[in-house]
$ cat input21.pdb   # PDB, C-alpha atoms and all ligand atoms
ATOM      1  CA  MET A   1       0.000   0.000   0.000
ATOM      2  CA  SER A   2       2.833   2.410   0.776
ATOM      3  CA  SER A   3       4.062   2.061  -2.828
ATOM      4  CA  ILE A   4       0.569   2.973  -4.064
ATOM      5  CA  LEU A   5       0.170   5.943  -1.760
ATOM      6  CA  GLY A   6       3.634   7.186  -2.593
ATOM      7  CA  SER A   7       5.045  10.175  -0.795
ATOM      8  CA  THR A   8       2.461  12.805  -0.053
ATOM      9  CA  THR A   9       2.777  16.315   1.274
ATOM     10  CA  ILE A  10       1.328  17.393   4.643
ATOM     11  CA  GLU A  11      -1.047  19.628   2.692
ATOM     12  CA  GLU A  12      -2.396  16.650   0.718
ATOM     13  CA  ARG A  13      -2.823  14.562   3.863
ATOM     14  CA  LEU A  14      -4.718  17.325   5.677
ATOM     15  CA  THR A  15      -6.973  17.912   2.668
ATOM     16  CA  ARG A  16      -7.804  14.205   2.615
ATOM     17  CA  ILE A  17      -8.735  14.223   6.310
ATOM     18  CA  GLU A  18     -10.775  17.420   5.900
ATOM     19  CA  ASN A  19     -12.675  15.914   2.972
ATOM     20  CA  GLY A  20     -13.162  12.504   4.607
ATOM     21  CA  LYS A  21     -11.268  10.707   1.814
ATOM     22  CA  LYS A  22     -11.546   6.950   1.968
ATOM     23  CA  ILE A  23     -10.059   3.660   0.893
ATOM     24  CA  LEU A  24     -12.982   1.313   0.309
ATOM     25  CA  VAL A  25     -11.965  -2.211   1.239
ATOM     26  CA  VAL A  26     -14.365  -4.652  -0.383
ATOM     27  CA  GLY A  27     -14.729  -8.042   1.310
ATOM     28  CA  PRO A  28     -11.931  -7.731   3.906
ATOM     29  CA  GLY A  29     -12.751 -11.197   5.235
ATOM     30  CA  LEU A  30     -10.438 -11.908   8.144
ATOM     31  CA  ASN A  31      -8.402  -8.828   7.239
ATOM     32  CA  TYR A  32      -5.507 -10.849   5.741
ATOM     33  CA  ASP A  33      -3.796  -8.704   3.175
ATOM     34  CA  ALA A  34      -5.857  -5.642   4.050
ATOM     35  CA  PRO A  35      -4.078  -2.288   3.744
ATOM     36  CA  ASP A  36      -1.876  -1.452   6.712
ATOM     37  CA  LEU A  37      -3.930   0.923   8.855
ATOM     38  CA  GLU A  38      -0.986   2.947  10.142
ATOM     39  CA  THR A  39       0.208   3.652   6.591
ATOM     40  CA  THR A  40      -3.246   4.636   5.308
ATOM     41  CA  THR A  41      -4.062   6.732   8.388
ATOM     42  CA  HIS A  42      -0.813   8.679   8.175
ATOM     43  CA  ALA A  43      -1.579   9.279   4.497
ATOM     44  CA  GLY A  44      -4.860  10.915   5.582
ATOM     45  CA  TYR A  45      -7.240   8.170   4.478
ATOM     46  CA  GLN A  46     -10.070   6.549   6.373
ATOM     47  CA  ILE A  47     -10.506   2.803   5.850
ATOM     48  CA  PHE A  48     -14.143   1.966   5.078
ATOM     49  CA  ALA A  49     -14.659  -1.793   4.829
ATOM     50  CA  ILE A  50     -17.707  -3.656   3.578
ATOM     51  CA  ASP A  51     -18.304  -7.367   3.969
ATOM     52  CA  ILE A  52     -21.460  -9.400   3.601
ATOM     53  CA  SER A  53     -20.445 -11.767   6.401
ATOM     54  CA  GLN A  54     -21.227 -10.855   9.991
ATOM     55  CA  VAL A  55     -18.365 -13.054  11.239
ATOM     56  CA  ALA A  56     -15.872 -11.435   8.844
ATOM     57  CA  CYS A  57     -17.036  -7.971   9.918
ATOM     58  CA  LYS A  58     -16.565  -8.802  13.598
ATOM     59  CA  ILE A  59     -13.044 -10.178  13.080
ATOM     60  CA  SER A  60     -12.093  -7.355  10.763
ATOM     61  CA  GLU A  61     -13.402  -4.764  13.201
ATOM     62  CA  GLU A  62     -11.453  -6.278  16.109
ATOM     63  CA  ASN A  63      -8.302  -6.421  14.031
ATOM     64  CA  LEU A  64      -8.655  -2.807  12.885
ATOM     65  CA  LYS A  65      -9.377  -1.636  16.447
ATOM     66  CA  LYS A  66      -6.148  -3.251  17.654
ATOM     67  CA  GLN A  67      -4.192  -1.563  14.863
ATOM     68  CA  TRP A  68      -5.945   1.776  15.489
ATOM     69  CA  ASP A  69      -5.160   1.717  19.221
ATOM     70  CA  ALA A  70      -1.485   1.151  18.420
ATOM     71  CA  ILE A  71      -1.180   4.153  16.102
ATOM     72  CA  ASP A  72       0.481   7.249  17.490
ATOM     73  CA  LEU A  73      -2.044   9.880  16.462
ATOM     74  CA  SER A  74      -0.231  12.641  18.344
ATOM     75  CA  ARG A  75       2.083  12.984  15.333
ATOM     76  CA  MET A  76      -0.857  14.047  13.187
ATOM     77  CA  ALA A  77      -1.795  17.670  12.733
ATOM     78  CA  MET A  78      -5.521  16.870  12.414
ATOM     79  CA  ALA A  79      -7.587  14.041  13.920
ATOM     80  CA  PRO A  80      -8.095  11.351  11.275
ATOM     81  CA  LEU A  81     -11.306   9.353  10.980
ATOM     82  CA  ALA A  82     -11.320   5.955  12.684
ATOM     83  CA  PRO A  83     -11.813   2.926  10.411
ATOM     84  CA  GLN A  84     -15.342   1.691   9.841
ATOM     85  CA  VAL A  85     -16.551  -1.819   9.046
ATOM     86  CA  ILE A  86     -20.040  -2.223   7.654
ATOM     87  CA  GLU A  87     -21.954  -5.455   7.134
ATOM     88  CA  ALA A  88     -23.494  -5.059   3.700
ATOM     89  CA  GLU A  89     -23.631  -6.516   0.215
ATOM     90  CA  PHE A  90     -21.256  -4.628  -2.027
ATOM     91  CA  GLU A  91     -23.537  -4.582  -5.083
ATOM     92  CA  THR A  92     -26.311  -2.977  -2.992
ATOM     93  CA  THR A  93     -23.816  -0.519  -1.518
ATOM     94  CA  LEU A  94     -22.759   0.605  -4.994
ATOM     95  CA  ALA A  95     -26.406   1.190  -5.879
ATOM     96  CA  ARG A  96     -27.335   2.834  -2.569
ATOM     97  CA  PRO A  97     -24.211   4.048  -0.779
ATOM     98  CA  SER A  98     -26.166   6.425   1.450
ATOM     99  CA  ALA A  99     -27.866   3.417   3.091
ATOM    100  CA  VAL A 100     -24.533   2.686   4.807
ATOM    101  CA  GLY A 101     -23.577   6.342   5.254
ATOM    102  CA  LEU A 102     -21.122   6.336   2.366
ATOM    103  CA  ASP A 103     -20.536   9.028  -0.239
ATOM    104  CA  LEU A 104     -18.784   7.285  -3.153
ATOM    105  CA  ALA A 105     -17.284  10.604  -4.270
ATOM    106  CA  SER A 106     -15.101  10.449  -1.146
ATOM    107  CA  VAL A 107     -13.581   7.096  -2.188
ATOM    108  CA  ASP A 108     -10.129   7.632  -3.733
ATOM    109  CA  ILE A 109      -9.056   3.997  -3.718
ATOM    110  CA  TYR A 110     -11.097   0.821  -4.189
ATOM    111  CA  TYR A 111      -9.279  -2.173  -2.711
ATOM    112  CA  LEU A 112     -10.561  -5.552  -3.868
ATOM    113  CA  CYS A 113      -8.449  -8.334  -2.396
ATOM    114  CA  ARG A 114      -9.406 -11.803  -3.676
ATOM    115  CA  PHE A 115     -12.963 -10.529  -4.023
ATOM    116  CA  ILE A 116     -13.583 -10.484  -7.786
ATOM    117  CA  GLY A 117     -12.346 -14.095  -8.043
ATOM    118  CA  CYS A 118     -15.153 -15.314  -5.795
ATOM    119  CA  MET A 119     -17.877 -13.524  -7.758
ATOM    120  CA  SER A 120     -19.908 -15.082 -10.594
ATOM    121  CA  ASP A 121     -19.094 -13.818 -14.114
ATOM    122  CA  ARG A 122     -22.253 -11.755 -14.135
ATOM    123  CA  ALA A 123     -21.634 -10.165 -10.722
ATOM    124  CA  ALA A 124     -17.931  -9.534 -11.470
ATOM    125  CA  LYS A 125     -18.802  -7.776 -14.744
ATOM    126  CA  SER A 126     -21.487  -5.633 -13.220
ATOM    127  CA  ILE A 127     -19.357  -4.661 -10.178
ATOM    128  CA  LEU A 128     -16.301  -3.745 -12.280
ATOM    129  CA  HIS A 129     -18.430  -1.823 -14.788
ATOM    130  CA  GLU A 130     -20.043   0.166 -11.980
ATOM    131  CA  ILE A 131     -16.740   0.920 -10.205
ATOM    132  CA  GLY A 132     -15.329   2.106 -13.543
ATOM    133  CA  ARG A 133     -18.352   4.327 -14.184
ATOM    134  CA  ILE A 134     -18.382   5.822 -10.696
ATOM    135  CA  SER A 135     -14.700   6.264 -10.033
ATOM    136  CA  LEU A 136     -12.598   6.189 -13.194
ATOM    137  CA  SER A 137     -14.816   8.058 -15.669
ATOM    138  CA  GLN A 138     -14.203  11.656 -16.730
ATOM    139  CA  GLU A 139     -17.072  12.687 -14.485
ATOM    140  CA  GLY A 140     -15.974  10.680 -11.460
ATOM    141  CA  ASP A 141     -12.245  11.342 -11.728
ATOM    142  CA  GLN A 142     -11.495  14.541 -13.629
ATOM    143  CA  GLU A 143      -8.008  14.811 -12.178
ATOM    144  CA  LYS A 144      -7.174  11.153 -12.893
ATOM    145  CA  LYS A 145      -6.178  10.564  -9.304
ATOM    146  CA  LYS A 146      -8.416   7.658  -8.341
ATOM    147  CA  LYS A 147      -7.156   4.108  -8.140
ATOM    148  CA  VAL A 148      -8.643   0.652  -8.231
ATOM    149  CA  VAL A 149      -6.496  -2.047  -6.667
ATOM    150  CA  VAL A 150      -7.445  -5.579  -7.699
ATOM    151  CA  ILE A 151      -5.641  -8.473  -6.036
ATOM    152  CA  ASN A 152      -6.276 -11.852  -7.606
ATOM    153  CA  ALA A 153      -4.715 -14.950  -9.049
ATOM    154  CA  TYR A 154      -4.827 -14.250 -12.800
ATOM    155  CA  ALA A 155      -5.333 -16.989 -15.380
ATOM    156  CA  GLU A 156      -2.221 -16.067 -17.404
ATOM    157  CA  ASP A 157       0.053 -16.322 -14.329
ATOM    158  CA  ASN A 158      -1.314 -19.718 -13.313
ATOM    159  CA  PRO A 159      -1.411 -21.956 -16.409
ATOM    160  CA  GLY A 160      -2.770 -25.405 -15.677
ATOM    161  CA  VAL A 161      -3.899 -24.439 -12.168
ATOM    162  CA  LYS A 162      -7.425 -25.506 -11.357
ATOM    163  CA  SER A 163      -9.001 -23.353  -8.692
ATOM    164  CA  LYS A 164     -11.909 -24.747  -6.701
ATOM    165  CA  THR A 165     -12.562 -21.770  -4.454
ATOM    166  CA  SER A 166     -12.258 -18.918  -6.909
ATOM    167  CA  LYS A 167     -12.341 -18.176 -10.603
ATOM    168  CA  LEU A 168      -9.076 -17.306 -12.351
ATOM    169  CA  ARG A 169      -9.770 -14.348 -14.598
ATOM    170  CA  SER A 170      -7.410 -12.422 -16.843
ATOM    171  CA  ARG A 171      -6.041  -8.903 -16.392
ATOM    172  CA  GLU A 172      -7.683  -8.118 -19.731
ATOM    173  CA  PHE A 173     -11.113  -9.028 -18.324
ATOM    174  CA  ILE A 174     -10.642  -6.793 -15.269
ATOM    175  CA  VAL A 175      -9.175  -3.773 -17.072
ATOM    176  CA  SER A 176     -11.485  -3.890 -20.106
ATOM    177  CA  THR A 177     -14.627  -4.199 -17.949
ATOM    178  CA  LEU A 178     -13.541  -1.291 -15.737
ATOM    179  CA  SER A 179     -12.696   0.660 -18.883
ATOM    180  CA  LEU A 180     -16.106  -0.014 -20.444
ATOM    181  CA  GLY A 181     -17.731   1.445 -17.335
ATOM    182  CA  ALA A 182     -15.326   4.388 -17.235
ATOM    183  CA  GLY A 183     -15.904   5.128 -20.923
ATOM    184  CA  ARG A 184     -12.226   5.853 -21.407
ATOM    185  CA  PRO A 185      -8.906   4.005 -21.587
ATOM    186  CA  LEU A 186      -7.292   2.826 -18.370
ATOM    187  CA  ARG A 187      -3.890   1.431 -17.609
ATOM    188  CA  ILE A 188      -2.174  -0.760 -15.065
ATOM    189  CA  THR A 189       0.264   1.420 -13.209
ATOM    190  CA  LYS A 190       1.701  -1.017 -10.667
ATOM    191  CA  GLU A 191       1.962  -4.752 -10.272
ATOM    192  CA  GLN A 192       3.308  -6.888  -7.494
ATOM    193  CA  MET A 193       3.236 -10.687  -7.566
ATOM    194  CA  TYR A 194       3.491 -13.148  -4.687
ATOM    195  CA  MET A 195       2.653 -16.765  -3.915
ATOM    196  CA  TYR A 196      -0.521 -17.488  -1.966
ATOM    197  CA  PHE A 197      -1.708 -21.060  -1.408
ATOM    198  CA  LYS A 198       0.333 -22.326  -4.387
ATOM    199  CA  LYS A 199      -1.028 -19.704  -6.740
ATOM    200  CA  ASN A 200       0.661 -16.657  -8.234
ATOM    201  CA  VAL A 201      -1.344 -13.742  -6.923
ATOM    202  CA  THR A 202      -0.874 -10.258  -8.324
ATOM    203  CA  ALA A 203      -1.854  -6.927  -6.843
ATOM    204  CA  MET A 204      -2.488  -4.528  -9.714
ATOM    205  CA  THR A 205      -3.336  -0.861  -9.541
ATOM    206  CA  ILE A 206      -5.483   0.577 -12.316
ATOM    207  CA  ILE A 207      -5.858   4.274 -13.127
ATOM    208  CA  ALA A 208      -7.257   6.432 -15.933
ATOM    209  CA  GLU A 209      -4.801   6.921 -18.810
TER     210      GLU A 209
HETATM  211  C1  LIG B   1     -12.239 -14.867  -0.717
HETATM  212  S1  LIG B   1     -12.684 -13.853   0.632
HETATM  213  C2  LIG B   1     -11.348 -12.684   0.630
HETATM  214  C3  LIG B   1     -11.078 -12.148   1.969
HETATM  215  C4  LIG B   1      -9.882 -11.187   2.057
HETATM  216  N1  LIG B   1     -10.055 -10.025   1.219
HETATM  217  C5  LIG B   1      -8.598 -11.891   1.725
HETATM  218  O1  LIG B   1      -7.991 -11.573   0.711
HETATM  219  O2  LIG B   1      -8.180 -12.760   2.505
HETATM  220  C6  LIG B   1     -14.050 -12.897  -0.018
HETATM  221  C7  LIG B   1     -14.721 -12.002   1.030
HETATM  222  O3  LIG B   1     -15.737 -11.268   0.344
HETATM  223  C8  LIG B   1     -16.938 -11.292   1.114
HETATM  224  N2  LIG B   1     -18.056 -11.183   0.158
HETATM  225  C9  LIG B   1     -18.473 -12.117  -0.727
HETATM  226  N3  LIG B   1     -19.479 -11.652  -1.471
HETATM  227  C10 LIG B   1     -19.708 -10.383  -1.044
HETATM  228  C11 LIG B   1     -20.605  -9.364  -1.430
HETATM  229  N4  LIG B   1     -21.479  -9.565  -2.411
HETATM  230  N5  LIG B   1     -20.570  -8.167  -0.795
HETATM  231  C12 LIG B   1     -19.663  -7.949   0.208
HETATM  232  N6  LIG B   1     -18.781  -8.889   0.620
HETATM  233  C13 LIG B   1     -18.797 -10.080   0.003
HETATM  234  C14 LIG B   1     -16.892 -12.618   1.848
HETATM  235  O4  LIG B   1     -17.687 -12.597   3.013
HETATM  236  C15 LIG B   1     -15.406 -12.762   2.156
HETATM  237  O5  LIG B   1     -15.068 -12.163   3.382
END

$ encode --input "input21.pdb" --output "structure tokens" --more "lines below"
Ligand SMILES: C[S@@+](CC[C@H](N)C(=O)[O-])C[C@H]1O[C@@H](n2cnc3c(N)ncnc32)[C@H](O)[C@@H]1O
Amino acid sequence: MSSILGSTTIEERLTRIENGKKILVVGPGLNYDAPDLETTTHAGYQIFAIDISQVACKISEENLKKQWDAIDLSRMAMAPLAPQVIEAEFETTLARPSAVGLDLASVDIYYLCRFIGCMSDRAAKSILHEIGRISLSQEGDQEKKKKVVVINAYAEDNPGVKSKTSKLRSREFIVSTLSLGAGRPLRITKEQMYMYFKKNVTAMTIIAE
């Protein structure tokens, strides 16, 4: 996450806190591989996590609380917003963000860790299309500053691997569906690969071109 956030000025961090800027973590599960809270908080972002599972929300909330309590907030010039975990279906949240107290315009980064892989083709397409439309279109991201981070095992990195628990999709599928929703070309700006349960998993960051 620190490589995605890059180095930011104090001015930028304060503006983010003032404007309630968020990283939307979709399906945090047990919070494995979630963004490091200290890094995101010091960058001025609030973590807003949504999971459909009550158990996942409880574990995620406890984990975030522990991290939050360990952060030295006295170093910050302005009080940042504490992380929030909401039990909700993501598709419904995209359609009605106000129902969970969320303004999607405040989301600078969508963080989908091993989420798209567990969605059906239809749901994955509709979610990516909608994220593209809301956050990477000319209207949603005039300054081309928003990011979508998708962490998944991709088909091209795992030839011959049969996955029972998730669907291996291609980068092309993810980027082209986001791009269709955005109505403009997008590009992968960062990639990082690692092994996870015998699969090559890649974290890719997508932005408007
Ligand atoms: C494969 S797990 C990934 C968990 C975690 N991100 C990780 O990488 O370890 C998928 C998570 O998405 C959640 N989930 C599945 N469908 C969802 C939906 N429609 N809306 C919100 N969360 C959902 C599940 O409850 C689960 O916690």

$ closest_atom_pairs --input "input21.pdb" --of "chain A" --to "ligand LIG 1 (chain B)" --cutoff "7 Å" --atoms "all atoms listed in the file" --output "CSV"
residue,atom,partner,partner_atom,distance
A:Val26,CA,B:LIG1,N6,6.2
A:Gly27,CA,B:LIG1,O3,3.5
A:Pro28,CA,B:LIG1,N1,4.0
A:Gly29,CA,B:LIG1,O5,3.1
A:Leu30,CA,B:LIG1,O2,6.1
A:Asn31,CA,B:LIG1,C4,5.9
A:Tyr32,CA,B:LIG1,O2,4.6
A:Asp33,CA,B:LIG1,O1,5.6
A:Ala34,CA,B:LIG1,N1,6.7
A:Ile50,CA,B:LIG1,C12,5.8
A:Asp51,CA,B:LIG1,N6,3.7
A:Ile52,CA,B:LIG1,N6,4.0
A:Ser53,CA,B:LIG1,O4,4.4
A:Ala56,CA,B:LIG1,O5,5.6
A:Ala88,CA,B:LIG1,C12,5.9
A:Glu89,CA,B:LIG1,N5,3.6
A:Phe90,CA,B:LIG1,N5,3.8
A:Glu91,CA,B:LIG1,N4,6.0
A:Leu112,CA,B:LIG1,N1,6.8
A:Cys113,CA,B:LIG1,N1,4.3
A:Arg114,CA,B:LIG1,O1,4.6
A:Phe115,CA,B:LIG1,C6,4.8
A:Cys118,CA,B:LIG1,C1,5.9
A:Met119,CA,B:LIG1,N3,6.8

$ resolve_selection --input "input21.pdb" --expression "the PyMOL selection byres (((chain A and resi 125) around 12) and not hetatm)" --output "VMD selection string"
chain A and resid 91 116 to 117 119 to 124 126 to 132 169 173 to 181

$ closest_residue --input "input21.pdb" --among "A:Ser163, A:Asn200, A:Gln142, A:Thr9" --to "A:Arg184" --atoms "all atoms listed in the file"
A:Gln142

$ residues_near_point --input "input21.pdb" --point "(-8.6, 11.0, -10.5)" --cutoff "12 Å" --atoms "only C-alpha atoms" --output "mmCIF file with C-alpha atoms, keeping the file's coordinate frame"
data_model
loop_
_atom_site.group_PDB
_atom_site.id
_atom_site.type_symbol
_atom_site.label_atom_id
_atom_site.label_comp_id
_atom_site.auth_asym_id
_atom_site.auth_seq_id
_atom_site.Cartn_x
_atom_site.Cartn_y
_atom_site.Cartn_z
ATOM 1 C CA ALA A 105 -17.284 10.604 -4.270
ATOM 2 C CA SER A 106 -15.101 10.449 -1.146
ATOM 3 C CA VAL A 107 -13.581 7.096 -2.188
ATOM 4 C CA ASP A 108 -10.129 7.632 -3.733
ATOM 5 C CA ILE A 109 -9.056 3.997 -3.718
ATOM 6 C CA GLY A 132 -15.329 2.106 -13.543
ATOM 7 C CA ILE A 134 -18.382 5.822 -10.696
ATOM 8 C CA SER A 135 -14.700 6.264 -10.033
ATOM 9 C CA LEU A 136 -12.598 6.189 -13.194
ATOM 10 C CA SER A 137 -14.816 8.058 -15.669
ATOM 11 C CA GLN A 138 -14.203 11.656 -16.730
ATOM 12 C CA GLU A 139 -17.072 12.687 -14.485
ATOM 13 C CA GLY A 140 -15.974 10.680 -11.460
ATOM 14 C CA ASP A 141 -12.245 11.342 -11.728
ATOM 15 C CA GLN A 142 -11.495 14.541 -13.629
ATOM 16 C CA GLU A 143 -8.008 14.811 -12.178
ATOM 17 C CA LYS A 144 -7.174 11.153 -12.893
ATOM 18 C CA LYS A 145 -6.178 10.564 -9.304
ATOM 19 C CA LYS A 146 -8.416 7.658 -8.341
ATOM 20 C CA LYS A 147 -7.156 4.108 -8.140
ATOM 21 C CA VAL A 148 -8.643 0.652 -8.231
ATOM 22 C CA ALA A 182 -15.326 4.388 -17.235
ATOM 23 C CA LEU A 186 -7.292 2.826 -18.370
ATOM 24 C CA ILE A 206 -5.483 0.577 -12.316
ATOM 25 C CA ILE A 207 -5.858 4.274 -13.127
ATOM 26 C CA ALA A 208 -7.257 6.432 -15.933
ATOM 27 C CA GLU A 209 -4.801 6.921 -18.810
#

$ atom_distance --input "input21.pdb" --atom1 "atom CA of A:Ser7" --atom2 "atom CA of A:Val25"
21.1 Å

$ resolve_selection --input "input21.pdb" --expression "the PyMOL selection byres (((chain A and resi 23) around 9) and not hetatm)" --output "list in words"
Lys21, Lys22, Leu24, Val25, Pro35, Thr40, Tyr45, Gln46, Ile47, Phe48, Ala49, Ser106, Val107, Asp108, Ile109, Tyr110 and Tyr111 of chain A

$ atom_distance --input "input21.pdb" --atom1 "atom CA of A:Asp157" --atom2 "atom CA of A:Val201"
8.0 Å

$ closest_residue --input "input21.pdb" --among "A:Ile188, A:Ala77, A:Leu64, A:Ala82" --to "A:Thr15" --atoms "only C-alpha atoms"
A:Ala77
